[in-house]
Structures are given as C-alpha cells and as structure tokens.
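**Q** Just passing along the structure, written as structure tokens.
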Amino acid sequence: MVQGMRKIFGLCLIAWAAMLFAETGIAAGAEGLPTNNKMLQPEGLDYAGIYALRQIDPNLAGSGVNFAVVCRSITYLDGEPQNDYRPDTQHNCFAGKNFGFYDQGEPPAAVSAHSTAVCSVLFGEDSNAFNQQVEQFHFEGVAPHAQADIYEFWHFLINNVFPGFPPVADILTADIGSQFEDWWTRGIESMAEHHGLIVVAGIGNGSDAYDPLLYPGAGANVIGVGVVDSVNIDDPGVNLAHFSLAYPEHSSFGPTSDRRCKPDIVAPGNCLVARVSDPNGYKTSGDWSSFSTPIVAGTIGLLIQKARQDPNLSDAVSPEGGNCVVKAVLLNSATKLPYWHKGQLKKDDDHTAPLDWIQGAGALNAVGAYQQLIAGRNRPSEVATTGWDLNRLEKTDKSKNIYKTTIKEPRDKFIAATTVWNRHYSDFYPFEPMPEKDADLRLELWAIDPNDPNNNYLLDYSDSSTDNVEHIYCRLDANHTNYKIVVSNNNIGDPNQTATSQTYGLAWNVSNAPESNSIFWYDINGDGVVNDSDFVMLLNNLLASRKSPDAYVVGDINTDGVIDINDIQVFFKHKNLKADWYGD
C-alpha cells in the first residue's frame, strides 16, 4: 500500500514538475577522470589515472616493489580449505611472471578464478589480447613488473598473523573479509603499526550482497577500498570505460560500530580480467570491491617505486610511519565525486566525521597522488602549497606543529589537508588494542592576516574522537592569501593516556574549485540520460532521508545538506540531459 502510494505520488509530482519546468537538452560535461586511451585494458585503470601516470613517468610499472597477495581458497570440505587459491599461471597475461606461493602443501594446490582475476589486474601484461565484445586490445595491469608472493588465507593466518611474522613485502593486499573484528584482523593491524606494512583491503560489496563493512578493510590501520560503479548500460565498450558513483547497493559504507568513517577511498571495480583455464580468455569482472582493491594497491606500488628512486622522497616509505604518509597522500589527492560530504547528510560541515561514509576521501586519482608525492617533504614552518610531512607530536598541551603557506590567488581555490596516524595494538596474540597509547589528533585550517592578528580566524577543522584520520576540504577565503595548517593533540587531559609521542603523516594541496557539471548530479541511476527513472530514485531517497536520517542516500543536488523540493526543482531543469557516451 505504501509503495503504491509512493508511485502515485511520484507520477503526480512528475506531471507537476513537467508543467513547471521546460525540458532542456544541456550537453553533459566530464563525468570523472579522463579516459583517453581506448587501446589499453582494463579501462578502469585509465579512469583512475594510472595509464596517464605511465605517460608522465613511463618507468613506473612496479619494479623493485614486493606485494603479498592473500587469497582465499574457493572450496572447503568439513571446514578445511582445499588449496584452490592460486592464479592460473598458464594464462598469457602471466607469461614470464615468477610468483611465490605459500600454502599448507596439501591437498595439491589448484587455481582460483577469483585469484586469477585479481592478480591479472595487479600484474597482468598481454600485448595481443582479444575479447569478442571489445575486440583487440593491450592488457596491462597496474604494476606488471612488481614481485609477488601469493598466500593461501588460512596458511597466512597460521604462519604469519598468529606468530606476528609479517610477510617480506611492501604492500599486503587481501581479497577476504569478515563483518567482525577478530584476533587475525587485529593482528594485521598490528603488523601495519609495528612493521610499517601498508595494508589494502576491500570494504565489502554493499547491501545487494548483504555485506556490512568487512574487516580487515574496516580496520583503523588499513586502507579500506570501496567501489565506483560502471555506468548502467549494456554496451561493454561503454560500460568498461565510464564510471558513475559509489552506491550503497554495491559498496559497503560506514560508519563502523565505533563510528569511524569507512571506506577510505573508492575506485573502479569493473574490469576486463583474465579468465581461468583459458590462456587467451578475458571476461568482465563486475562492480566488486575485490577488483577495486588491486587498483588502489597497485597504485601505491607505483608511488613506492617512485619514492625509492628519489632520495628526497625516501621518508615516504620509512618503516617508521611511512604507511601513514602514503595513506595521507592517497586520500588527500582523491577526486570528490558528486554528493561527497562528510559523515551524515546535514547543513553544516561535519567536523567530527572526517570522510564521506561511502566515498571516503573520494575516488582514486593516481596522477594527483603522484604529484602530491613528488612535491616532497615540507617540515613545519613555511611550506609550499603542495607537500607532505612525516613527523611526531608530543603529548603536551603546547605541542603543535604548524605549516604556513601563501596562496597568491585564493579566489575559487580549495585546500585539502589530511593527517593519518596508526592505532596501537599488542604485537602478540590476540593482539589486543592498546587505547592508552592512542593519540587523538586535531587538524585545523586558519586564515591569517599578517598585518592584523585580530583578523585571523579558524576557517575549518576536523576533530573526530574515534578516527585516526582527519581530513579538511575547504574553499579558501578570497580576502586572505596567508594560511596555516595546525596539527595538535586533543586528549592530553585524559588520565588514562600514557605520555608518549605520536608519529603522523600529513599531506596538503591547493586546487581549483571542483567541476560542478557532472551528469551524475542528476543521472542518479547512471544510465547516461536524466529521465523519470532518476526522478523516482530521487523521490524514494527523499522519503528515505525523512524516515531514516542515518540512511546514506544521494539526491542533495544543491548541496544544502537536505534532500527537498529545491533539489527536485534543480533536477527538472536538467531533464533529458544526456552523457556524451550515451548511445555510442
């Protein structure tokens, strides 16, 4: 009955709005990062900027970087994994690869279609690839020249996590997850803290897959990755090249049970991937976090390779907090997709929730992350408008690190700043949290008047009591050219805290105001045309936001913090808008 009433109301509102607003044929603008090279697959890497990064620095292919890839066995008998976890090394895209394999040794190891697909996105390379739907292409994974060890999940838990013995790797990436924190998820976080290991894991596949946030991706010291959907169109040539939004149906979203923001970042998941038991075969993967995760992990591998090539960047890969720098660089450079907002949908910027509950800091931007990294380390004092730092903060009431910068033309400019630090865990089973050692950092952005200190004011701040990430994304004041970023402690008066210093990574950059002409402000279902089906989704989301204020829904088109009649009015001004790829 209620659903029927909604439909009737929706149809009436469509008719009413059609009378109020003239239908328009506005040309669609860019819907995301550029996709320029149609000869390369997977095109999701193009969307994320990885192929463009390779054009900037052709040597970046993962050389000298070591990955530990944890893959689950597909088959279980009486609760025992049957060792079918390996990528199909007979596939053409793995020719010449020398993977290491770690498992229990019995039963005999077998291949996994899932592992084959994941590893092809990370390490695959095939100059003569073919698929009937897209014809000839060059297949090139994110880090085809990297070294990789592939671990069976339970073997990894028993032989690495339980004894606290990290793999010999720069990056650990995992395609497994549990909805509950457990000793092994804390053990992985302990590895990140104590050994500087960078850990990347999928956050889960959303409500359609009945996935809540999954650990270890939901862990504080882990980079949790969500999914940006392909556009909603049947043509595989278009579907593989263009991407829309992160949707709760396909990408699990926060907050966690302790109110931390997750995921940290989102990336495309739908790729052409290697098909198991078919050396020449490729198939589409679908919009799953298992395939967005290797795109993010591989990009980190490229950043590590670059940092090792330049002594001036070496602190970014330090075992003492370098993983915090890498995470800060990755999040700070991410591209905000339509509807990005902090935490809960409301009128004011959410100062206590640093990230969007489904986009995290935004969509992976490999070129932006590279530019952020090579800007170099800037210590507290006068700094450039783009940079990063690896530093420590003492737990005293006067302990602050201040970064001052001058922006000559602040009009229509935004500043992003991100600080990251590790939570603390015991380094032996069951890897209990050690909250008495944890810091609670605060990040502030001040506008400064060098001629009159009375005109200084706090422009923005991020101060979560639960997250170990703080993030600011703020429009600059056109009347101020001088700014300072302040990192400080916020729990110095807590008698339960031990007086230890905290290592943190910080990244910041200044950019132009974001583009506001994406079709996905109005094409809510991502099918390339703004029509009545989008309006029905907008209406349903409006009703859902009224019924459940905590629900994550899109539709606040005018970004005033609420979905209402004003958004409906804006929507109908863009009725019949079509994407430039629609009908290709």
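Each chain of the structure tokens is named A, B, ... in the order shown, its residues numbered from 1; ligands are numbered from 1 in display order.
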As a PyMOL selection string, please: the residues near Asp229 in chain A (cut-off 12 Å, only C-alpha atoms, same-chain neighbours under 5 positions excluded).
**A** chain A and resi 44+47+205-206+239-251+266-271+285-289+291-292+337+359+363+520+524-527
**Q** Pull N, CA and C atoms from the residues just selected and write them as an mmCIF file, in the first residue's frame.
**A**
```
data_model
loop_
_atom_site.group_PDB
_atom_site.id
_atom_site.type_symbol
_atom_site.label_atom_id
_atom_site.label_comp_id
_atom_site.auth_asym_id
_atom_site.auth_seq_id
_atom_site.Cartn_x
_atom_site.Cartn_y
_atom_site.Cartn_z
ATOM 1 N N GLY A 44 39.259 0.698 -16.451
ATOM 2 C CA GLY A 44 39.122 1.251 -15.111
ATOM 3 C C GLY A 44 40.417 1.868 -14.623
ATOM 4 N N TYR A 47 40.509 5.366 -16.057
ATOM 5 C CA TYR A 47 39.667 6.260 -15.262
ATOM 6 C C TYR A 47 40.393 6.710 -13.993
ATOM 7 N N ASN A 205 30.856 -5.533 -0.507
ATOM 8 C CA ASN A 205 30.126 -5.354 -1.759
ATOM 9 C C ASN A 205 28.693 -4.865 -1.591
ATOM 10 N N GLY A 206 28.399 -4.218 -0.475
ATOM 11 C CA GLY A 206 27.146 -3.493 -0.338
ATOM 12 C C GLY A 206 25.945 -4.327 0.050
ATOM 13 N N ASN A 239 30.437 0.423 -21.035
ATOM 14 C CA ASN A 239 30.364 0.010 -19.644
ATOM 15 C C ASN A 239 31.733 -0.113 -18.991
ATOM 16 N N LEU A 240 32.728 -0.557 -19.747
ATOM 17 C CA LEU A 240 34.069 -0.744 -19.199
ATOM 18 C C LEU A 240 34.879 0.550 -19.140
ATOM 19 N N ALA A 241 34.429 1.574 -19.850
ATOM 20 C CA ALA A 241 35.215 2.804 -19.974
ATOM 21 C C ALA A 241 34.702 3.950 -19.115
ATOM 22 N N HIS A 242 33.453 3.907 -18.678
ATOM 23 C CA HIS A 242 32.854 5.040 -17.972
ATOM 24 C C HIS A 242 32.286 4.585 -16.632
ATOM 25 N N PHE A 243 32.423 5.445 -15.637
ATOM 26 C CA PHE A 243 32.045 5.092 -14.280
ATOM 27 C C PHE A 243 31.222 6.220 -13.672
ATOM 28 N N SER A 244 30.365 5.868 -12.731
ATOM 29 C CA SER A 244 29.386 6.827 -12.219
ATOM 30 C C SER A 244 29.651 7.185 -10.764
ATOM 31 N N LEU A 245 28.994 6.508 -9.830
ATOM 32 C CA LEU A 245 29.070 6.832 -8.411
ATOM 33 C C LEU A 245 29.334 5.563 -7.602
ATOM 34 N N ALA A 246 29.635 5.746 -6.347
ATOM 35 C CA ALA A 246 29.637 4.631 -5.394
ATOM 36 C C ALA A 246 28.231 4.530 -4.813
ATOM 37 N N TYR A 247 27.643 3.333 -4.887
ATOM 38 C CA TYR A 247 26.265 3.129 -4.442
ATOM 39 C C TYR A 247 26.231 2.173 -3.255
ATOM 40 N N PRO A 248 25.386 2.447 -2.254
ATOM 41 C CA PRO A 248 25.285 1.551 -1.098
ATOM 42 C C PRO A 248 24.908 0.124 -1.474
ATOM 43 N N GLU A 249 24.239 -0.043 -2.610
ATOM 44 C CA GLU A 249 23.854 -1.397 -3.026
ATOM 45 C C GLU A 249 25.054 -2.252 -3.402
ATOM 46 N N HIS A 250 26.145 -1.614 -3.850
ATOM 47 C CA HIS A 250 27.290 -2.370 -4.368
ATOM 48 C C HIS A 250 28.579 -2.091 -3.616
ATOM 49 N N SER A 251 28.591 -1.145 -2.718
ATOM 50 C CA SER A 251 29.806 -0.789 -1.993
ATOM 51 C C SER A 251 29.437 -0.537 -0.531
ATOM 52 N N VAL A 266 37.626 5.142 -2.869
ATOM 53 C CA VAL A 266 36.898 4.272 -3.795
ATOM 54 C C VAL A 266 37.625 4.250 -5.136
ATOM 55 N N ALA A 267 37.363 3.196 -5.913
ATOM 56 C CA ALA A 267 37.998 3.030 -7.218
ATOM 57 C C ALA A 267 37.107 2.160 -8.086
ATOM 58 N N PRO A 268 37.318 2.167 -9.409
ATOM 59 C CA PRO A 268 36.526 1.309 -10.281
ATOM 60 C C PRO A 268 36.726 -0.164 -9.936
ATOM 61 N N GLY A 269 35.682 -0.962 -10.098
ATOM 62 C CA GLY A 269 35.807 -2.394 -9.863
ATOM 63 C C GLY A 269 35.601 -3.218 -11.119
ATOM 64 N N ASN A 270 34.847 -2.699 -12.075
ATOM 65 C CA ASN A 270 34.530 -3.480 -13.271
ATOM 66 C C ASN A 270 35.662 -3.385 -14.291
ATOM 67 N N CYS A 271 36.313 -4.499 -14.564
ATOM 68 C CA CYS A 271 37.476 -4.530 -15.457
ATOM 69 C C CYS A 271 37.383 -5.758 -16.355
ATOM 70 N N SER A 285 34.666 -8.325 -14.962
ATOM 71 C CA SER A 285 34.669 -8.737 -13.553
ATOM 72 C C SER A 285 33.389 -8.369 -12.826
ATOM 73 N N GLY A 286 32.751 -7.268 -13.222
ATOM 74 C CA GLY A 286 31.623 -6.738 -12.466
ATOM 75 C C GLY A 286 32.079 -5.759 -11.396
ATOM 76 N N ASP A 287 31.136 -5.045 -10.820
ATOM 77 C CA ASP A 287 31.442 -3.983 -9.845
ATOM 78 C C ASP A 287 31.616 -4.587 -8.446
ATOM 79 N N TRP A 288 32.822 -5.073 -8.165
ATOM 80 C CA TRP A 288 33.097 -5.722 -6.893
ATOM 81 C C TRP A 288 34.349 -5.111 -6.267
ATOM 82 N N SER A 289 34.362 -5.032 -4.936
ATOM 83 C CA SER A 289 35.500 -4.427 -4.244
ATOM 84 C C SER A 289 36.765 -5.267 -4.387
ATOM 85 N N PHE A 291 38.058 -6.105 -7.000
ATOM 86 C CA PHE A 291 38.799 -5.638 -8.169
ATOM 87 C C PHE A 291 39.121 -4.149 -8.100
ATOM 88 N N SER A 292 38.419 -3.409 -7.245
ATOM 89 C CA SER A 292 38.854 -2.035 -6.984
ATOM 90 C C SER A 292 40.066 -2.029 -6.053
ATOM 91 N N LEU A 337 33.654 12.915 -5.889
ATOM 92 C CA LEU A 337 32.575 12.641 -6.826
ATOM 93 C C LEU A 337 31.333 13.428 -6.408
ATOM 94 N N GLN A 359 32.059 7.309 -0.024
ATOM 95 C CA GLN A 359 33.177 7.660 -0.907
ATOM 96 C C GLN A 359 34.510 7.721 -0.186
ATOM 97 N N ALA A 363 37.455 9.433 -5.037
ATOM 98 C CA ALA A 363 37.896 8.414 -5.988
ATOM 99 C C ALA A 363 39.402 8.501 -6.213
ATOM 100 N N PHE A 520 26.200 13.096 -13.289
ATOM 101 C CA PHE A 520 25.759 12.215 -12.213
ATOM 102 C C PHE A 520 25.170 12.961 -11.018
ATOM 103 N N ILE A 524 20.948 9.816 -11.611
ATOM 104 C CA ILE A 524 21.217 9.122 -10.352
ATOM 105 C C ILE A 524 21.415 7.628 -10.565
ATOM 106 N N ASN A 525 20.745 7.045 -11.573
ATOM 107 C CA ASN A 525 20.925 5.612 -11.806
ATOM 108 C C ASN A 525 22.053 5.309 -12.779
ATOM 109 N N GLY A 526 22.744 6.335 -13.275
ATOM 110 C CA GLY A 526 23.958 6.132 -14.052
ATOM 111 C C GLY A 526 23.771 5.500 -15.408
ATOM 112 N N ASP A 527 22.602 5.718 -16.049
ATOM 113 C CA ASP A 527 22.390 5.098 -17.354
ATOM 114 C C ASP A 527 22.639 6.058 -18.517
#
```
**Q** Quick one: residues within 6 Å of Tyr504 in chain A, only C-alpha atoms, excluding same-chain residues fewer than 5 positions away - as a list in words?
**A**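 Close residues of Tyr504 in chain A: Leu390, Asn391, Val420 and Trp421 of chain A.
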**Q** To one decimal in Å, tell me the separation between CA of Arg308 in chain A and CA of Gly64 in chain A.
**A**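 If I compute the distance from CA of Arg308 in chain A to CA of Gly64 in chain A, I get 9.0 Å.
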**Q** Give me the range 52-156 of chain A side of the contact with range 177-193 of chain A, cut-off 12 Å, one line per residue showing its nearest atom pair and distance in Å at one decimal, counting only C-alpha atoms, sorted by chain and residue number, as a Markdown table.
**A**
```
| residue | atom | partner | partner_atom | distance |
| --- | --- | --- | --- | --- |
| A:Val70 | CA | A:Gly177 | CA | 10.9 |
| A:Cys71 | CA | A:Gly177 | CA | 10.6 |
| A:Arg72 | CA | A:Gly177 | CA | 9.7 |
| A:Phe153 | CA | A:Gly177 | CA | 10.5 |
| A:Trp154 | CA | A:Trp184 | CA | 10.3 |
| A:Phe156 | CA | A:Trp184 | CA | 9.8 |
```
**Q** Taking only range 161-255 of chain A into account, list the residues labelled strand (DSSP E) by DSSP (computed from the backbone), as a PyMOL selection string.
**A** chain A and resi 171-174+198-202+223-228
**Q** Using C-alpha atoms, can you export the residues from the last selection as a compact mmCIF listing (two decimals), in the first residue's frame?
**A**
```
# COMPACT_ATOMS: atom_id res chain seq x y z
CA ILE A 171 52.22 -3.94 0.44
CA LEU A 172 49.77 -6.52 1.71
CA THR A 173 46.54 -6.71 -0.27
CA ALA A 174 43.69 -9.02 0.63
CA ILE A 198 50.93 -0.95 4.02
CA VAL A 199 47.70 -2.96 4.08
CA VAL A 200 44.95 -2.56 1.45
CA ALA A 201 41.67 -4.49 1.62
CA GLY A 202 38.19 -4.37 0.13
CA ILE A 223 43.31 1.34 3.66
CA GLY A 224 39.71 0.22 3.06
CA VAL A 225 38.59 0.37 -0.58
CA GLY A 226 35.06 0.80 -1.93
CA VAL A 227 33.67 0.56 -5.46
CA VAL A 228 32.74 3.14 -8.10
```
**Q** Could you check which of A:Tyr282, A:Phe99, A:Phe431, A:Tyr151 is closest to Val134 in chain A, using only C-alpha atoms?
**A**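 That would be A:Tyr282, the residue with the smallest distance to Val134 in chain A.
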**Q** Using only C-alpha atoms, find the one residue out of A:Asp449, A:Asp567, A:Asp350, A:Glu409 that sits nearest to Glu470 in chain A.
**A**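 Using only C-alpha atoms, Glu470 in chain A sits closest to A:Asp350.
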**Q** Show which residues sit within 10 Å of Ser127 in chain A, as a list in words. Count only C-alpha atoms, and ignore same-chain residues fewer than 6 positions away.
**A**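 Near Ser127 in chain A, the qualifying residues are Leu40, Asn92, Cys93, Gln136, Phe137, His138, Phe139 and Glu140 of chain A.
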**Q** Please provide the set of residues having any atom within 9 Å of range 108-118 of chain A, restricted to only C-alpha atoms, with same-chain residues fewer than 5 positions apart removed, written as number ranges by chain.
**A** A: 71-74, 82-89, 91, 103, 123, 175, 272-277, 283, 285, 290-291, 293-294
**Q** Once you have the residues from the selection above, write them out as a compact mmCIF listing (two decimals), in the first residue's frame, restricted to N, CA and C atoms.
**A**
```
# COMPACT_ATOMS: atom_id res chain seq x y z
N CYS A 71 44.89 -14.66 -0.74
CA CYS A 71 43.72 -15.14 -1.49
C CYS A 71 43.05 -16.28 -0.75
N ARG A 72 41.75 -16.29 -0.77
CA ARG A 72 41.01 -17.36 -0.09
C ARG A 72 40.90 -18.59 -0.97
N SER A 73 40.88 -19.76 -0.35
CA SER A 73 40.52 -20.97 -1.07
C SER A 73 39.04 -20.89 -1.42
N ILE A 74 38.70 -21.41 -2.58
CA ILE A 74 37.30 -21.35 -3.02
C ILE A 74 36.50 -22.50 -2.45
N GLN A 82 40.61 -26.24 0.62
CA GLN A 82 41.12 -27.24 -0.31
C GLN A 82 42.21 -26.71 -1.24
N ASN A 83 42.81 -25.60 -0.85
CA ASN A 83 44.03 -25.12 -1.51
C ASN A 83 43.82 -24.65 -2.95
N ASP A 84 42.59 -24.36 -3.34
CA ASP A 84 42.36 -23.82 -4.69
C ASP A 84 42.30 -22.29 -4.61
N TYR A 85 43.48 -21.71 -4.47
CA TYR A 85 43.59 -20.27 -4.23
C TYR A 85 44.49 -19.57 -5.24
N ARG A 86 45.17 -20.29 -6.10
CA ARG A 86 46.23 -19.72 -6.93
C ARG A 86 45.70 -19.09 -8.23
N PRO A 87 46.37 -18.05 -8.73
CA PRO A 87 46.06 -17.58 -10.07
C PRO A 87 46.51 -18.62 -11.10
N ASP A 88 45.84 -18.62 -12.22
CA ASP A 88 46.17 -19.55 -13.31
C ASP A 88 47.40 -19.02 -14.04
N THR A 89 48.56 -19.52 -13.69
CA THR A 89 49.81 -19.00 -14.26
C THR A 89 50.00 -19.40 -15.72
N HIS A 91 47.89 -18.58 -17.95
CA HIS A 91 47.26 -17.53 -18.77
C HIS A 91 48.34 -16.65 -19.39
N ASP A 103 51.34 -22.09 1.01
CA ASP A 103 50.13 -22.78 1.43
C ASP A 103 50.51 -23.96 2.30
N PHE A 123 49.06 -7.56 -11.92
CA PHE A 123 50.35 -7.91 -12.52
C PHE A 123 50.28 -8.30 -13.99
N ASP A 175 41.85 -10.14 -0.47
CA ASP A 175 40.53 -10.22 -1.07
C ASP A 175 39.57 -10.99 -0.17
N LEU A 272 38.09 -5.71 -17.48
CA LEU A 272 38.39 -6.95 -18.19
C LEU A 272 39.48 -7.65 -17.40
N VAL A 273 39.27 -8.91 -17.08
CA VAL A 273 40.22 -9.69 -16.27
C VAL A 273 40.47 -11.03 -16.93
N ALA A 274 41.57 -11.66 -16.55
CA ALA A 274 41.93 -12.96 -17.12
C ALA A 274 40.90 -14.02 -16.71
N ARG A 275 40.56 -14.87 -17.69
CA ARG A 275 39.62 -15.96 -17.46
C ARG A 275 40.40 -17.24 -17.13
N VAL A 276 39.99 -17.93 -16.09
CA VAL A 276 40.69 -19.12 -15.67
C VAL A 276 40.51 -20.25 -16.68
N SER A 277 41.55 -21.09 -16.83
CA SER A 277 41.54 -22.26 -17.73
C SER A 277 41.33 -21.90 -19.18
N LYS A 283 37.32 -11.75 -19.43
CA LYS A 283 35.91 -11.54 -19.13
C LYS A 283 35.76 -10.28 -18.30
N SER A 285 34.67 -8.32 -14.96
CA SER A 285 34.67 -8.74 -13.55
C SER A 285 33.39 -8.37 -12.83
N SER A 290 36.63 -6.55 -4.70
CA SER A 290 37.81 -7.38 -4.94
C SER A 290 38.67 -6.85 -6.07
N PHE A 291 38.06 -6.10 -7.00
CA PHE A 291 38.80 -5.64 -8.17
C PHE A 291 39.12 -4.15 -8.10
N THR A 293 40.15 -3.01 -5.17
CA THR A 293 41.26 -3.09 -4.22
C THR A 293 42.62 -3.22 -4.89
N PRO A 294 42.81 -4.15 -5.86
CA PRO A 294 44.13 -4.21 -6.51
C PRO A 294 44.49 -2.96 -7.30
```
**Q** Smallest atom-to-atom distance to Leu157 in chain A: which of A:Leu577, A:Ala143, A:Ala507, A:Ile176, using only C-alpha atoms?
**A**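 Checking each of A:Leu577, A:Ala143, A:Ala507, A:Ile176 against Leu157 in chain A, counting only C-alpha atoms, the winner is A:Ile176.
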**Q** Please identify all polymer residues within 8 Å of range 339-342 of chain A, counting only C-alpha atoms, omitting same-chain residues fewer than 5 positions from it, and present them as a ChimeraX atom specification.
**A** /A:349-351,353-357,359,362,521,554-557,559
